[in-house]
Every structure is written in C-alpha cells, then in structure tokens.
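Q: Next up is a structure, given as structure tokens.
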Amino acid sequence: MSSTSRLARVFAGSALAAVAAFTFAASASAQTELKWAHVYEASEPYHHWAQWVGEEFEKATDGRYTIEVYPASSLGKETDINEGLGLGTVDIIYTGQLFAGRAYPSVAIGGAPYMFRDFDHWETFRNSDLFQELSEGYYEASGNHIVSLTYYGERHVTSNKPIEKPEDMQGLKIRVPDAPLYMMFPKAAGANPAPIAFSEVYLALQQGVVDAQENPLPAIDAKKFYEVQEYIVLTGHITDALLTIIGGPTWDSMDEADRDILVDLIEQAAENCTQDIRELEQELVQSFRDMGKQVVEVDRTPFRELVVEAHSGPDATWDPEVYDRLQDL
C-alpha cells in the first residue's frame with residue numbers, strides 16, 4: 001500500500017472518530033436537567049406530583065429534558081429557592097404566596113389569614129382573572145412565571161396547651177414561617193409569633209423554643225409535629241396554597257412548544273395534588289384522634305373577626321381594589 005493511501009486511511013479514520021465524538025457530545029448536550037426545589041418532605045403529595053411532571057416531561061420531549069426534584073430544603077430555605085429562580089441556580093419551585101409577595105406584595109393576598117370564606121371561594125380565586133392579573137404583576141416585578149396554584153390545606157394551630165377561643169392564645173410563643181403576613185393571625189389573637197425555618201420547627205418545639213406552631217394537617221403529619229404537640233386546634237385560619245413558579249432564565253431558554261408541554265403538565269399536577277390534599281385532610285382528623293391526640297373544633301367566628309379588621313390595616317400588602325375584587329368573587 002502506498003504511503004498516500006495509508007495517509008488517506010488515517011485521515012478518514014480520524015474524521016470518523018471526530019464525527020462520532022461530535023455526535024455523542026451533541027447528544028449529551030441536548031439533554032437538559034431542570035432543578036425543581038421545595039421545602040416539603042419526599043413523602044408528601046407535592047413531591048410525588050412534581051416527580052410525575054418530570055417523568056411525563058422527559059417522555060414528551062424524547063429525553064431532551066429531565067427534571068430532578070429536590071425536597072426537604074435540600075437546595076435551601078424558602079428565601080433561598082425564591083432567589084435562586086432569578087439566578088438560575090434552580091429552575092422550578094413550589095413556594096408560599098407570602099414568599100412570592102416579597103417580589104410583588106399584592107400576590108400575597110391569597111395567603112393572608114381568613115381571606116377566603118371556604119374552599120369554593122379559594123377555588124374560584126384560583127381560576128379567576130384576578131389571579132391571572134396578580135401572576136402577571138409578579139412576572140413584571142420578578143421576571144419569573146407563576147404557572148399554577150396547588151391547594152396546600154387549611155392551616156391549623158398545634159399546641160401543648162388547650163385553645164378554644166382567641167384569649168387562650170394570649171402570650172403563646174408560636175412558630176410561623178419567615179414572612180410578615182404569617183404574623184397577622186397570631187398577633188391579632190395576642191400571641192407572640194416567632195419566624196423559624198420549616199426544617200427547624202420540630203426541634204424548636206421539642207426543645208421548648210416555641211410552644212406552638214401552625215400548618216395544614218398533611219404537613220403536621222409529614223413533619224411529625226404531633227409527636228411533640230398534644231393539641232391540634234382546627235382554627236382553619238389560612239386556606240393556603242403553593243405557587244409553582246418557573247424561573248425567568250429557564251423560561252426564556254426553552255422553545256415555546258416545550259414550554260407549553262411543561263406548563264400543561266404542571267397544571268394537571270396542581271389539580272391532581274389538590275384533590276389528594278383534600279382527601280388527606282379528611283382522613284387525618286380521625287387518624288390524629290386514633291393516636292390519642294386532642295383535636296379541638298373551635299368556633300372560628302371570633303378568630304376571624306379579630307383578623308378581618310387587619311385586612312385593611314398597615315400590614316396589608318394589597319390595594320383595596322384587589323381586596324374588594326377577591327371578596328366579591
């Protein structure tokens with residue numbers, strides 16, 4: 001074989017290897033992993049449905065996208081993951097409305113105490129033009145996109161002392177999430193709210209740093225707060241929900257077709273998770289009683305009357321017009 005032929009074969013082989021390497025690299029780089037962060041336990045429905053979105057989105061995009069879901073504050077507290085959206089360190093989050101309200105105060109209205117008359121009122125709000133307008137206002141303020149609202153449950157007080165009326169909360173040291181509006185209810189009842197990160201609540205209760213906390217029944221169950229609290233008081237003071245938000249950098253990096261698929265899946269997950277939470281709330285009342293816990297069904301009217309006065313007070317983060325529209329739904 002001539003040296004020219006041998007040289008040609010060498011070049012041909014090198015070219016094929018280069019093409020193969022390029023093809024492999026292109027294939028590898030074509031797969032994008034999105035990070036979905038939240039502060040809830042892996043055992044909770046929110047985590048399950050986030051994983052479902054990931055599985056379905058990977059199939060729908062032929063593996064071009066994967067979603068890794070990070071539960072239990074593994075990528076940071078609520079404040080951290082909200083900040084991470086704009087930085088691109090997280091792509092999708094579940095977060096409370098009051099935390100999103102730091103970027104756009106009016107969007108916090110849905111998480112304020114005794115803002116809704118009942119679940120039907122909340123659901124009407126979720127599907128309303130008002131919620132869409134608040135979501136758009138949040139986008140303009142933050143650059144991030146609210147794509148769904150998932151029912152989190154009615155928030156109730158747990159304590160190591162009996163509570164039957166607002167006066168029983170006088171001086172009570174109660175843990176609340178680290179967002180100002182969560183203090184509206186305990187302050188109105190004369191309690192002393194103490195902001196503590198969600199991941200630190202169990203220890204704070206166990207060590208007596210606080211006497212009480214407030215959360216929906218599924219969270220009380222998942223975080224095992226019932227192990228260090230004797231009374232579960234059904235105040236129902238917040239009809240709470242979680243926003244699912246896609247960060248602006250992630251949104252802008254996706255083509256419209258993929259984005260539409262992701263948004264549709266997240267909306268389906270929000271609907272399914274909402275139903276799961278509602279069913280779980282009903283089951284847990286009896287479950288806690290079976291454990292020997294004191295589940296107290298209070299008259300909510302005097303609690304509500306104390307708080308409603310604050311809806312138009314200095315702690316309100318919304319315009320009166322927004323408040324009136326919500327109440328008229």
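Chain lettering (A, B, ...) mirrors the order of the structure tokens, residue numbering begins at 1 for each chain separately, and ligand numbering begins at 1 in order of display.
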Can you pull out every residue within 12 Å of Gly88 in chain A, counting only C-alpha atoms, but drop anything in the same chain fewer than 6 positions away, and send it as a PDB file with N, CA and C atoms, in the first residue's frame?
A:
ATOM      1  N   LEU A  34     -33.485  20.031  34.548  1.00  0.00           N
ATOM      2  CA  LEU A  34     -34.068  21.135  35.301  1.00  0.00           C
ATOM      3  C   LEU A  34     -34.132  20.757  36.777  1.00  0.00           C
ATOM      4  N   LYS A  35     -33.871  21.724  37.645  1.00  0.00           N
ATOM      5  CA  LYS A  35     -33.918  21.501  39.089  1.00  0.00           C
ATOM      6  C   LYS A  35     -35.213  22.098  39.651  1.00  0.00           C
ATOM      7  N   TRP A  36     -35.988  21.242  40.312  1.00  0.00           N
ATOM      8  CA  TRP A  36     -37.241  21.659  40.944  1.00  0.00           C
ATOM      9  C   TRP A  36     -37.022  21.546  42.454  1.00  0.00           C
ATOM     10  N   ASP A  80     -34.136  31.185  49.963  1.00  0.00           N
ATOM     11  CA  ASP A  80     -33.036  30.787  49.077  1.00  0.00           C
ATOM     12  C   ASP A  80     -33.539  30.349  47.710  1.00  0.00           C
ATOM     13  N   ILE A  81     -34.564  29.499  47.700  1.00  0.00           N
ATOM     14  CA  ILE A  81     -35.009  28.970  46.411  1.00  0.00           C
ATOM     15  C   ILE A  81     -35.744  30.027  45.593  1.00  0.00           C
ATOM     16  N   ASN A  82     -36.411  30.973  46.277  1.00  0.00           N
ATOM     17  CA  ASN A  82     -37.023  32.086  45.544  1.00  0.00           C
ATOM     18  C   ASN A  82     -35.956  32.939  44.871  1.00  0.00           C
ATOM     19  N   GLY A 143     -39.601  38.835  36.901  1.00  0.00           N
ATOM     20  CA  GLY A 143     -39.089  38.158  35.718  1.00  0.00           C
ATOM     21  C   GLY A 143     -39.357  36.670  35.710  1.00  0.00           C
ATOM     22  N   ASN A 144     -40.024  36.150  36.765  1.00  0.00           N
ATOM     23  CA  ASN A 144     -40.344  34.729  36.865  1.00  0.00           C
ATOM     24  C   ASN A 144     -41.829  34.490  36.604  1.00  0.00           C
ATOM     25  N   ILE A 246     -41.781  28.998  37.472  1.00  0.00           N
ATOM     26  CA  ILE A 246     -40.633  28.705  36.607  1.00  0.00           C
ATOM     27  C   ILE A 246     -39.785  29.961  36.514  1.00  0.00           C
ATOM     28  N   GLY A 247     -38.493  29.811  36.753  1.00  0.00           N
ATOM     29  CA  GLY A 247     -37.594  30.956  36.721  1.00  0.00           C
ATOM     30  C   GLY A 247     -37.493  31.576  35.336  1.00  0.00           C
ATOM     31  N   GLY A 248     -37.306  32.897  35.301  1.00  0.00           N
ATOM     32  CA  GLY A 248     -37.198  33.605  34.028  1.00  0.00           C
ATOM     33  C   GLY A 248     -36.108  33.082  33.114  1.00  0.00           C
ATOM     34  N   PRO A 249     -34.883  32.848  33.608  1.00  0.00           N
ATOM     35  CA  PRO A 249     -33.825  32.332  32.729  1.00  0.00           C
ATOM     36  C   PRO A 249     -34.195  30.995  32.097  1.00  0.00           C
ATOM     37  N   THR A 250     -34.837  30.121  32.874  1.00  0.00           N
ATOM     38  CA  THR A 250     -35.248  28.815  32.349  1.00  0.00           C
ATOM     39  C   THR A 250     -36.351  28.972  31.317  1.00  0.00           C
ATOM     40  N   TRP A 251     -37.337  29.785  31.631  1.00  0.00           N
ATOM     41  CA  TRP A 251     -38.459  30.043  30.709  1.00  0.00           C
ATOM     42  C   TRP A 251     -37.940  30.545  29.365  1.00  0.00           C
ATOM     43  N   ASP A 252     -37.031  31.504  29.406  1.00  0.00           N
ATOM     44  CA  ASP A 252     -36.525  32.116  28.176  1.00  0.00           C
ATOM     45  C   ASP A 252     -35.649  31.163  27.363  1.00  0.00           C
ATOM     46  N   SER A 253     -35.063  30.169  28.035  1.00  0.00           N
ATOM     47  CA  SER A 253     -34.165  29.242  27.327  1.00  0.00           C
ATOM     48  C   SER A 253     -34.921  28.138  26.593  1.00  0.00           C
TER      49      SER A 253
END
Q: Excluding Gln327 in chain A and residues on its chain fewer than 2 positions from it, collect all residues at most 12 Å away from it, counting only C-alpha atoms, and give them as a PDB file with N, CA and C atoms, in the first residue's frame.
A:
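Saved to selection.pdb:
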ATOM      1  N   ILE A 109     -51.887  38.200  48.769  1.00  0.00           N
ATOM      2  CA  ILE A 109     -53.243  38.282  49.325  1.00  0.00           C
ATOM      3  C   ILE A 109     -53.880  36.911  49.496  1.00  0.00           C
ATOM      4  N   GLY A 110     -53.598  35.978  48.589  1.00  0.00           N
ATOM      5  CA  GLY A 110     -54.195  34.650  48.670  1.00  0.00           C
ATOM      6  C   GLY A 110     -53.709  33.828  49.848  1.00  0.00           C
ATOM      7  N   TYR A 114     -57.774  34.185  56.974  1.00  0.00           N
ATOM      8  CA  TYR A 114     -59.213  34.384  56.822  1.00  0.00           C
ATOM      9  C   TYR A 114     -59.557  35.261  55.618  1.00  0.00           C
ATOM     10  N   MET A 115     -58.789  35.095  54.551  1.00  0.00           N
ATOM     11  CA  MET A 115     -59.054  35.837  53.315  1.00  0.00           C
ATOM     12  C   MET A 115     -60.178  35.176  52.516  1.00  0.00           C
ATOM     13  N   PHE A 116     -60.328  33.850  52.682  1.00  0.00           N
ATOM     14  CA  PHE A 116     -61.343  33.110  51.922  1.00  0.00           C
ATOM     15  C   PHE A 116     -62.436  32.603  52.854  1.00  0.00           C
ATOM     16  N   ARG A 117     -63.629  32.565  52.340  1.00  0.00           N
ATOM     17  CA  ARG A 117     -64.763  32.079  53.125  1.00  0.00           C
ATOM     18  C   ARG A 117     -64.715  30.569  53.290  1.00  0.00           C
ATOM     19  N   ASP A 118     -64.263  29.870  52.244  1.00  0.00           N
ATOM     20  CA  ASP A 118     -64.218  28.405  52.261  1.00  0.00           C
ATOM     21  C   ASP A 118     -63.415  27.939  51.054  1.00  0.00           C
ATOM     22  N   HIS A 121     -64.568  29.317  47.606  1.00  0.00           N
ATOM     23  CA  HIS A 121     -64.124  30.696  47.375  1.00  0.00           C
ATOM     24  C   HIS A 121     -62.680  30.697  46.881  1.00  0.00           C
ATOM     25  N   TRP A 122     -61.841  29.879  47.534  1.00  0.00           N
ATOM     26  CA  TRP A 122     -60.437  29.776  47.107  1.00  0.00           C
ATOM     27  C   TRP A 122     -60.346  29.267  45.663  1.00  0.00           C
ATOM     28  N   THR A 124     -62.512  29.433  43.275  1.00  0.00           N
ATOM     29  CA  THR A 124     -62.960  30.468  42.349  1.00  0.00           C
ATOM     30  C   THR A 124     -61.839  31.474  42.102  1.00  0.00           C
ATOM     31  N   PHE A 125     -61.135  31.853  43.163  1.00  0.00           N
ATOM     32  CA  PHE A 125     -59.995  32.760  43.028  1.00  0.00           C
ATOM     33  C   PHE A 125     -58.921  32.150  42.140  1.00  0.00           C
ATOM     34  N   LEU A 130     -58.563  37.689  38.252  1.00  0.00           N
ATOM     35  CA  LEU A 130     -57.789  38.391  39.272  1.00  0.00           C
ATOM     36  C   LEU A 130     -56.478  37.657  39.545  1.00  0.00           C
ATOM     37  N   VAL A 308     -60.017  39.975  60.442  1.00  0.00           N
ATOM     38  CA  VAL A 308     -60.567  40.715  59.304  1.00  0.00           C
ATOM     39  C   VAL A 308     -60.319  42.216  59.450  1.00  0.00           C
ATOM     40  N   HIS A 311     -57.219  43.263  57.706  1.00  0.00           N
ATOM     41  CA  HIS A 311     -57.160  43.198  56.245  1.00  0.00           C
ATOM     42  C   HIS A 311     -57.026  44.577  55.606  1.00  0.00           C
ATOM     43  N   PRO A 320     -56.793  48.239  48.134  1.00  0.00           N
ATOM     44  CA  PRO A 320     -58.195  47.992  48.493  1.00  0.00           C
ATOM     45  C   PRO A 320     -59.011  47.434  47.324  1.00  0.00           C
ATOM     46  N   GLU A 321     -58.693  47.877  46.107  1.00  0.00           N
ATOM     47  CA  GLU A 321     -59.443  47.413  44.936  1.00  0.00           C
ATOM     48  C   GLU A 321     -59.246  45.914  44.707  1.00  0.00           C
ATOM     49  N   VAL A 322     -58.018  45.428  44.922  1.00  0.00           N
ATOM     50  CA  VAL A 322     -57.729  43.996  44.795  1.00  0.00           C
ATOM     51  C   VAL A 322     -58.487  43.219  45.869  1.00  0.00           C
ATOM     52  N   TYR A 323     -58.480  43.747  47.078  1.00  0.00           N
ATOM     53  CA  TYR A 323     -59.182  43.096  48.190  1.00  0.00           C
ATOM     54  C   TYR A 323     -60.679  42.998  47.915  1.00  0.00           C
ATOM     55  N   ASP A 324     -61.263  44.085  47.459  1.00  0.00           N
ATOM     56  CA  ASP A 324     -62.711  44.092  47.187  1.00  0.00           C
ATOM     57  C   ASP A 324     -63.060  43.117  46.069  1.00  0.00           C
ATOM     58  N   ARG A 325     -62.234  43.054  45.036  1.00  0.00           N
ATOM     59  CA  ARG A 325     -62.500  42.128  43.943  1.00  0.00           C
ATOM     60  C   ARG A 325     -62.450  40.678  44.422  1.00  0.00           C
ATOM     61  N   LEU A 329     -65.753  37.742  44.665  1.00  0.00           N
ATOM     62  CA  LEU A 329     -65.780  36.541  43.818  1.00  0.00           C
ATOM     63  C   LEU A 329     -66.845  35.563  44.310  1.00  0.00           C
TER      64      LEU A 329
END
Q: Using DSSP on the backbone coordinates, identify the residues of range 68-239 of chain A assigned to strand (DSSP E or B); present them as a VMD selection string.
A: chain A and resid 68 to 70 92 to 96 145 to 159 173 to 176 192 to 195 212 to 216 231 to 239
Q: With C-alpha atoms retained, write the just-selected residues as a compact mmCIF listing (two decimals), in the first residue's frame.
A:
# COMPACT_ATOMS: atom_id res chain seq x y z
CA GLU A 68 -34.67 16.38 39.25
CA VAL A 69 -36.85 17.20 42.25
CA TYR A 70 -35.08 18.32 45.44
CA ILE A 92 -38.82 25.47 39.17
CA ILE A 93 -40.05 25.82 42.74
CA TYR A 94 -43.05 25.31 44.95
CA THR A 95 -43.38 28.30 47.26
CA GLY A 96 -45.88 30.01 49.51
CA HIS A 145 -43.52 32.95 35.79
CA ILE A 146 -46.30 31.64 38.06
CA VAL A 147 -47.86 28.70 36.24
CA SER A 148 -50.19 27.11 38.78
CA LEU A 149 -51.67 27.21 42.27
CA THR A 150 -51.89 23.99 44.30
CA TYR A 151 -54.05 23.65 47.41
CA TYR A 152 -51.86 23.30 50.50
CA GLY A 153 -54.64 22.89 53.01
CA GLU A 154 -56.25 24.82 55.83
CA ARG A 155 -53.67 25.94 58.38
CA HIS A 156 -54.38 24.99 62.00
CA VAL A 157 -52.65 25.62 65.31
CA THR A 158 -50.94 22.85 67.28
CA SER A 159 -50.00 23.45 70.90
CA LYS A 173 -44.99 31.55 71.62
CA ILE A 174 -45.93 30.24 68.19
CA ARG A 175 -43.69 29.43 65.25
CA VAL A 176 -44.67 30.94 61.90
CA ASN A 192 -46.03 36.03 70.11
CA PRO A 193 -45.07 34.85 66.60
CA ALA A 194 -41.54 33.53 66.10
CA PRO A 195 -40.30 33.09 62.50
CA ALA A 212 -46.93 26.02 69.30
CA GLN A 213 -46.88 26.13 65.51
CA GLU A 214 -49.41 26.32 62.68
CA ASN A 215 -49.65 24.27 59.48
CA PRO A 216 -52.12 22.19 57.45
CA TYR A 231 -53.46 19.62 70.87
CA ILE A 232 -54.47 20.11 67.25
CA VAL A 233 -56.78 23.12 67.14
CA LEU A 234 -58.82 23.42 63.93
CA THR A 235 -58.64 27.20 63.52
CA GLY A 236 -58.54 26.98 59.70
CA HIS A 237 -57.07 30.47 59.74
CA ILE A 238 -55.48 30.31 56.28
CA THR A 239 -56.76 28.49 53.22
Q: Which one of A:Leu205, A:Pro166, A:Val90, A:Thr244 sits closest to Gln268 in chain A if you count only C-alpha atoms?
A: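 Smallest distance to Gln268 in chain A is found for A:Thr244.
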Q: Please return as JSON, numbers by chain: the residues of range 25-170 of chain A that backbone DSSP assigns to helix (DSSP H, G or I).
A: {"A": [25, 26, 27, 28, 29, 30, 45, 46, 47, 48, 49, 50, 51, 52, 53, 54, 55, 56, 57, 58, 59, 60, 78, 79, 80, 81, 82, 83, 84, 85, 86, 87, 97, 98, 99, 100, 105, 106, 107, 108, 109, 110, 111, 119, 120, 121, 122, 123, 124, 125, 126, 129, 130, 131, 132, 133, 134, 135, 136, 137, 138, 139, 140, 141, 142, 166, 167, 168, 169]}
Q: Could you list, as a VMD selection string, every residue within 9 Å of Asp178 in chain A, counting only C-alpha atoms and ignoring same-chain residues fewer than 2 positions away?
A: chain A and resid 78 to 79 99 176 180 to 183 194 to 198
Q: Listing only residues of range 163-256 of chain A within 9 Å of range 44-64 of chain A, what is the closest atom pair and its distance in Å (to one decimal) for each, using only C-alpha atoms, sorted by chain and residue number ascending, as a Markdown table?
A:
| residue | atom | partner | partner_atom | distance |
| --- | --- | --- | --- | --- |
| A:Pro218 | CA | A:Glu44 | CA | 7.7 |
| A:Ala219 | CA | A:Glu44 | CA | 8.0 |
| A:Ala222 | CA | A:Glu44 | CA | 6.8 |
Q: Could you save those same residues with C-alpha atoms as an mmCIF file, in the first residue's frame?
A:
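Okay, again22.cif is ready:
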data_model
loop_
_atom_site.group_PDB
_atom_site.id
_atom_site.type_symbol
_atom_site.label_atom_id
_atom_site.label_comp_id
_atom_site.auth_asym_id
_atom_site.auth_seq_id
_atom_site.Cartn_x
_atom_site.Cartn_y
_atom_site.Cartn_z
ATOM 1 C CA PRO A 218 -50.799 16.936 55.948
ATOM 2 C CA ALA A 219 -47.726 18.962 56.957
ATOM 3 C CA ALA A 222 -45.430 14.552 57.368
#
